[in-house]
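Asker: Here you go, this is structure-v4.cif (mmCIF, C-alpha atoms).
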data_my_file
loop_
_atom_site.label_atom_id
_atom_site.label_comp_id
_atom_site.auth_asym_id
_atom_site.auth_seq_id
_atom_site.Cartn_x
_atom_site.Cartn_y
_atom_site.Cartn_z
CA MET A 5 0.00 0.00 0.00
CA THR A 6 1.26 3.46 -0.85
CA GLN A 7 2.49 5.43 2.18
CA LEU A 8 2.59 9.22 2.54
CA THR A 9 5.97 10.91 2.85
CA LEU A 10 6.53 11.79 6.52
CA ALA A 11 8.31 15.10 6.05
CA ALA A 12 5.90 18.00 5.56
CA SER A 13 6.82 20.60 2.96
CA ASN A 14 4.86 23.19 4.95
CA PRO A 15 5.70 23.24 8.70
CA ALA A 16 2.46 25.12 9.40
CA LEU A 17 0.53 21.92 8.62
CA VAL A 18 2.21 19.91 11.37
CA SER A 19 0.38 21.34 14.38
CA ILE A 20 -3.15 22.64 14.71
CA PRO A 21 -3.80 25.29 17.41
CA PRO A 22 -5.87 24.12 20.43
CA GLN A 23 -8.70 26.58 19.67
CA GLN A 24 -9.32 24.77 16.38
CA TRP A 25 -9.71 21.48 18.20
CA THR A 26 -12.08 23.31 20.55
CA HIS A 27 -14.15 24.47 17.56
CA ASP A 28 -14.73 20.96 16.24
CA ILE A 29 -15.42 19.50 19.67
CA ARG A 30 -17.96 22.27 20.31
CA ASN A 31 -19.60 21.46 16.97
CA ILE A 32 -19.98 17.83 17.95
CA LEU A 33 -21.24 18.60 21.45
CA GLY A 34 -23.66 21.17 20.02
CA THR A 35 -25.08 18.56 17.66
CA LEU A 36 -25.26 16.12 20.57
CA GLY A 37 -27.35 18.67 22.43
CA LEU A 38 -29.84 18.72 19.54
CA HIS A 39 -30.14 14.93 19.70
CA LEU A 40 -30.82 15.06 23.42
CA GLU A 41 -33.47 17.74 22.93
CA MET A 42 -35.21 15.45 20.48
CA LEU A 43 -35.08 12.56 22.93
CA GLU A 44 -37.21 14.62 25.31
CA LYS A 45 -39.94 14.89 22.67
CA LEU A 46 -39.72 11.62 20.79
CA ALA A 47 -40.42 8.02 21.61
CA GLY A 48 -40.16 4.76 19.75
CA PRO A 49 -37.85 4.19 16.75
CA ALA A 50 -37.14 7.88 16.13
CA GLY A 51 -36.03 8.37 19.72
CA ALA A 52 -33.83 5.29 19.55
CA LYS A 53 -32.19 6.58 16.37
CA ALA A 54 -31.40 9.91 17.96
CA ALA A 55 -30.03 8.19 21.08
CA SER A 56 -27.76 5.99 19.00
CA ALA A 57 -26.40 9.02 17.13
CA ALA A 58 -25.83 10.84 20.42
CA LEU A 59 -23.80 7.97 21.83
CA ALA A 60 -21.70 7.80 18.65
CA LEU A 61 -21.00 11.53 18.87
CA ILE A 62 -19.88 11.16 22.48
CA GLY A 63 -17.37 8.57 21.27
CA ARG A 64 -16.15 10.91 18.52
CA GLY A 65 -15.76 13.71 21.03
CA GLY A 66 -13.65 11.48 23.24
CA ASP A 67 -11.44 10.55 20.30
CA MET A 68 -10.91 14.22 19.46
CA CYS A 69 -9.94 15.01 23.04
CA ALA A 70 -7.38 12.22 22.87
CA GLY A 71 -6.12 13.65 19.59
CA ALA A 72 -5.78 17.10 21.15
CA LEU A 73 -3.67 15.66 23.94
CA ALA A 74 -1.51 13.83 21.40
CA GLU A 75 -0.98 17.11 19.51
CA ALA A 76 0.02 18.87 22.73
CA SER A 77 2.55 16.15 23.52
CA GLY A 78 4.14 16.49 20.07
CA ALA A 79 2.99 13.09 18.78
CA ARG A 80 3.20 12.72 14.98
CA HIS A 81 0.18 11.89 12.84
CA SER A 82 1.77 9.76 10.15
CA GLY A 83 1.06 6.48 11.95
CA ARG A 84 -2.70 7.02 11.58
CA ARG A 85 -2.62 7.30 7.78
CA ARG A 86 -3.87 4.12 6.23
CA GLY A 87 -6.46 2.89 3.77
CA PHE A 88 -10.08 3.34 4.87
CA ASP A 89 -13.49 3.16 3.24
CA LEU A 90 -14.47 6.73 2.39
CA ALA A 91 -18.04 5.68 1.53
CA LYS A 92 -18.47 4.24 5.03
CA THR A 93 -17.24 7.49 6.58
CA ILE A 94 -19.71 9.51 4.49
CA LYS A 95 -22.59 7.28 5.61
CA GLU A 96 -21.50 7.68 9.23
CA VAL A 97 -21.56 11.48 8.94
CA VAL A 98 -25.04 11.40 7.39
CA ALA A 99 -26.35 9.00 10.07
CA LEU A 100 -25.11 11.31 12.84
CA LEU A 101 -26.62 14.47 11.34
CA GLU A 102 -29.85 13.12 9.85
CA PRO A 103 -31.84 13.11 13.12
CA THR A 104 -31.08 16.83 13.63
CA ALA A 105 -32.18 17.95 10.15
CA PRO A 106 -35.48 19.84 9.85
CA ALA A 107 -38.58 18.25 8.35
CA GLY A 108 -38.30 17.94 4.59
CA PHE A 109 -34.51 18.08 4.48
CA LYS A 110 -32.90 15.18 2.61
CA PHE A 111 -29.42 13.71 2.30
CA ARG A 112 -28.59 12.13 -1.03
CA ILE A 113 -25.58 9.82 -1.37
CA ASP A 114 -24.81 8.84 -4.95
CA GLY A 115 -23.50 5.29 -5.25
CA ASN A 116 -23.01 2.51 -2.68
CA GLU A 117 -19.64 1.11 -3.74
CA SER A 118 -16.56 1.31 -1.53
CA HIS A 119 -13.85 3.88 -2.20
CA ILE A 120 -10.61 3.24 -0.33
CA ALA A 121 -8.83 6.50 0.46
CA LEU A 122 -5.42 6.89 2.07
CA GLY A 123 -5.35 9.13 5.10
CA ASP A 124 -6.38 9.67 8.70
CA GLN A 125 -10.00 8.55 8.91
CA THR A 126 -10.72 10.74 11.96
CA GLU A 127 -9.43 13.86 10.22
CA VAL A 128 -11.42 13.12 7.05
CA PHE A 129 -14.51 12.56 9.20
CA ARG A 130 -13.96 16.03 10.68
CA ILE A 131 -13.79 17.60 7.21
CA LEU A 132 -17.01 15.97 6.04
CA PHE A 133 -18.81 16.59 9.32
CA ASN A 134 -17.95 20.31 9.18
CA LEU A 135 -19.23 20.66 5.62
CA ALA A 136 -22.42 18.64 6.12
CA ARG A 137 -23.23 20.27 9.45
CA ASN A 138 -22.98 23.72 7.87
CA ALA A 139 -25.76 22.76 5.46
CA VAL A 140 -27.97 21.30 8.19
CA THR A 141 -27.42 24.38 10.37
CA ALA A 142 -28.44 26.67 7.50
CA ALA A 143 -31.57 24.60 6.89
CA ARG A 144 -32.49 24.73 10.59
CA ARG A 145 -32.24 28.51 10.38
CA ARG A 146 -34.94 28.42 7.69
CA ALA A 147 -32.62 29.04 4.77
CA PRO A 148 -34.10 27.91 1.42
CA LEU A 149 -32.08 24.70 1.53
CA THR A 150 -33.71 21.28 1.42
CA GLN A 151 -31.09 18.82 0.17
CA LEU A 152 -27.42 17.93 0.54
CA SER A 153 -25.93 15.66 -2.13
CA ILE A 154 -22.65 13.77 -1.69
CA SER A 155 -20.97 11.91 -4.53
CA VAL A 156 -17.59 10.20 -4.92
CA VAL A 157 -15.52 9.96 -8.10
CA ARG A 158 -12.39 7.84 -8.31
CA LYS A 159 -9.58 9.06 -10.57
CA THR A 160 -6.05 7.86 -11.27
CA THR A 161 -4.65 10.70 -9.16
CA GLY A 162 -7.01 10.22 -6.24
CA ILE A 163 -10.59 10.36 -5.01
CA ALA A 164 -12.87 13.40 -5.24
CA VAL A 165 -15.84 13.89 -2.92
CA ARG A 166 -18.38 16.45 -4.13
CA ILE A 167 -20.65 17.98 -1.46
CA SER A 168 -23.46 20.14 -2.91
CA ASP A 169 -26.57 21.77 -1.50
CA ASP A 170 -29.59 23.30 -3.24
CA GLY A 171 -29.53 26.55 -1.26
CA PRO A 172 -28.89 30.13 -2.38
CA GLY A 173 -25.10 29.72 -2.42
CA LEU A 174 -22.55 31.88 -0.66
CA PRO A 175 -22.55 35.69 -0.86
CA LYS A 176 -19.62 37.34 -2.59
CA ALA A 177 -18.22 38.74 0.67
CA ALA A 178 -18.14 35.28 2.24
CA LYS A 179 -16.32 33.78 -0.74
CA ALA A 180 -13.52 36.34 -0.46
CA ALA A 181 -12.43 35.00 2.95
CA LEU A 182 -13.83 31.50 2.65
CA PHE A 183 -10.93 29.44 3.99
CA ARG A 184 -9.39 32.05 6.27
CA PRO A 185 -9.62 31.69 10.08
CA PRO A 186 -11.06 34.56 12.16
CA VAL A 187 -8.67 37.46 12.78
CA GLU A 188 -9.86 37.98 16.37
CA LYS A 189 -7.26 36.68 18.83
CA ASP A 190 -9.74 34.99 21.19
CA ALA A 191 -12.20 33.73 18.58
CA THR A 192 -13.68 30.26 19.19
CA SER A 193 -16.02 30.09 16.17
CA GLY A 194 -15.71 30.65 12.43
CA PHE A 195 -12.85 28.17 12.04
CA GLY A 196 -14.81 25.42 10.26
CA LEU A 197 -13.73 25.78 6.64
CA ALA A 198 -10.19 26.83 7.55
CA ILE A 199 -9.88 23.66 9.63
CA ALA A 200 -11.36 21.53 6.85
CA ARG A 201 -8.88 22.77 4.22
CA GLU A 202 -5.93 22.43 6.60
CA LEU A 203 -6.89 18.86 7.43
CA ALA A 204 -7.27 18.05 3.72
CA GLU A 205 -3.76 19.37 3.03
CA ARG A 206 -2.33 17.43 5.97
CA ASN A 207 -3.64 14.29 4.32
CA GLY A 208 -2.08 15.00 0.93
CA GLY A 209 -5.28 16.38 -0.58
CA ASN A 210 -7.12 19.67 -0.93
CA LEU A 211 -10.52 21.28 -0.43
CA ARG A 212 -12.02 23.70 -2.96
CA TYR A 213 -15.20 25.68 -3.39
CA LEU A 214 -16.70 25.51 -6.88
CA ASP A 215 -18.02 28.89 -7.91
CA GLY A 216 -21.01 29.20 -10.20
CA GLY A 217 -24.27 27.32 -10.45
CA LYS A 218 -26.97 26.90 -7.82
CA GLY A 219 -26.20 26.33 -4.16
CA ALA A 220 -22.83 25.80 -2.52
CA THR A 221 -20.50 23.06 -3.77
CA PHE A 222 -17.26 21.90 -2.20
CA VAL A 223 -14.86 19.30 -3.58
CA LEU A 224 -12.60 17.34 -1.25
CA GLU A 225 -9.73 15.53 -3.00
CA LEU A 226 -7.77 12.77 -1.28
CA PRO A 227 -5.15 10.19 -2.31
CA ASN A 228 -6.51 6.72 -2.98
CA ALA A 229 -4.85 3.70 -1.43
CA GLY A 230 -3.80 2.34 -4.82
CA GLY A 231 -2.64 5.60 -6.38
CA ARG A 232 0.76 7.19 -6.65
CA GLU A 233 2.51 8.56 -3.59
CA ILE A 234 1.48 12.08 -2.52
CA PRO A 235 4.08 13.85 -0.28
CA TYR A 236 2.72 14.79 3.14
CA GLY A 237 1.49 18.38 2.97
CA ALA A 238 1.65 18.58 -0.83
CA ALA A 239 -1.40 19.49 -2.90
CA MET A 240 -2.87 16.95 -5.29
CA PRO A 241 -3.35 17.63 -9.00
CA SER A 242 -6.74 19.33 -9.44
CA LEU A 243 -9.67 17.17 -10.55
CA GLY A 244 -11.81 20.18 -11.46
CA ARG A 245 -11.59 23.54 -13.18
CA ARG A 246 -13.58 26.11 -11.25
CA ALA A 247 -12.14 26.89 -7.84
CA THR A 248 -12.44 29.63 -5.25
CA GLY A 249 -10.37 30.29 -2.15
#
Now, as a test, write the supplied structure out as structure tokens.

Answerer:
Amino acid sequence: MTQLTLAASNPALVSIPPQQWTHDIRNILGTLGLHLEMLEKLAGPAGAKAASAALALIGRGGDMCAGALAEASGARHSGRRRGFDLAKTIKEVVALLEPTAPAGFKFRIDGNESHIALGDQTEVFRILFNLARNAVTAARRRAPLTQLSISVVRKTTGIAVRISDDGPGLPKAAKAALFRPPVEKDATSGFGLAIARELAERNGGNLRYLDGGKGATFVLELPNAGGREIPYGAAMPSLGRRATG
């Protein structure tokens, strides 16, 4: 199996600041809170589904806390990069967020076949969770958004995951600073897309926003387990043409 080169070409990708870990953990715990609110109102199968998702999120939160401690101790991440089923990770993200989506909102996953990516499964989960949760959050705030579609395309150079919604898209001002973290020193929110792109690059891939068309569309590109070696921290060859950020 192809292994990623251990030496990063960009030292900034080696360590993620603690406040970014805090952002993702808060996202998960916030979603957990929504599940628990539903448990107070629901009974039967729907309540059981929400409870199961809540327990899974607690486990994810614990894993992230362990990862934060490993970062603080200077532990390297290369040992966690291995082949994993990207399709399974996508289904897990959808299963965890589906019970919190408003009535009428739908997730659409195109294709059921396995796609074996090379990377850190926990970090890729965080990327996909951030992107999908943004869509669900917008829908809960009564934005004109009713569907999130996720598709996977396998290429010789890697695997591309396309995440698209049917909403109004992003305003021009938001696109200009799309992948930049907040400038405020003590900020604890607004890190989501900056974290997602940084994690993609750490895993030898990239994250892009496709400008044009209806809704918001992001493309996550990752190495596949059978493809050529991608140096740690190096960007992959682009699988698309229109990119922003």

Asker: Hey, can I get the axis-aligned box for stretch 42-60 of chain A? All listed atoms, 4 Å padding on each side, centre and edge lengths in Å to one decimal, as AutoDock Vina command-line options.

Answerer:
--center_x -31.1 --center_y 9.8 --center_z 20.7 --size_x 26.7 --size_y 19.3 --size_z 17.2

Asker: If the PyMOL selection byres ((chain A and resi 117) around 10) were run on this exact file, what residues would it hold? Put them as an MDAnalysis selection string.

Answerer: chainID A and resid 89:92 114:116 118:120 156

Asker: Counting all atoms listed in the file, which of A:Phe195, A:Phe88, A:Phe133, A:Phe183 gets nearest to A:Thr35?

Answerer: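 Closest candidate: A:Phe133.
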
Asker: Between A:Ser153, A:Thr161, A:Thr141, A:Asn210, which residue has the minimum interatomic distance to A:Val98, considering only C-alpha atoms?

Answerer: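 For A:Val98, the nearest of the candidates is A:Ser153.
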
Asker: By how many Å are atom CA of A:Asp170 and atom CA of A:Ala142 apart?

Answerer: 11.3 Å

Asker: For the provided coordinates, the residues matched by the PyMOL selection byres ((chain A and resi 58-60) around 8) should be stated as a list in words.

Answerer: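 Those residues are Leu36, His39, Leu40, Ala54, Ala55, Ser56, Ala57, Leu61, Ile62, Gly63, Arg64 and Leu100 of chain A.
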
Asker: Pick out the residues sitting within 9 Å of A:Asp28, and hand them over as a PyMOL selection string; count only C-alpha atoms, and ignore anything fewer than 5 positions along from it in its own chain.

Answerer: chain A and resi 23+33+65+68+130+134+195-196+199

Asker: Name the closest residue to A:Ala74 among the candidates A:Pro185, A:Leu135, A:Ala180, A:Trp25; distances are taken between atoms, counting all atoms listed in the file.

Answerer: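 The answer is A:Trp25, which sits nearest to A:Ala74.
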
Asker: For a cut-off of 12 Å around (-10.7, 25.0, -0.8), file coordinates, pick out all residues using all atoms listed in the file and list them as an NGL selection string.

Answerer: :A and (131 or 135 or 166 or 179-184 or 196-205 or 209-215 or 221-225 or 239 or 242 or 244 or 246-249)
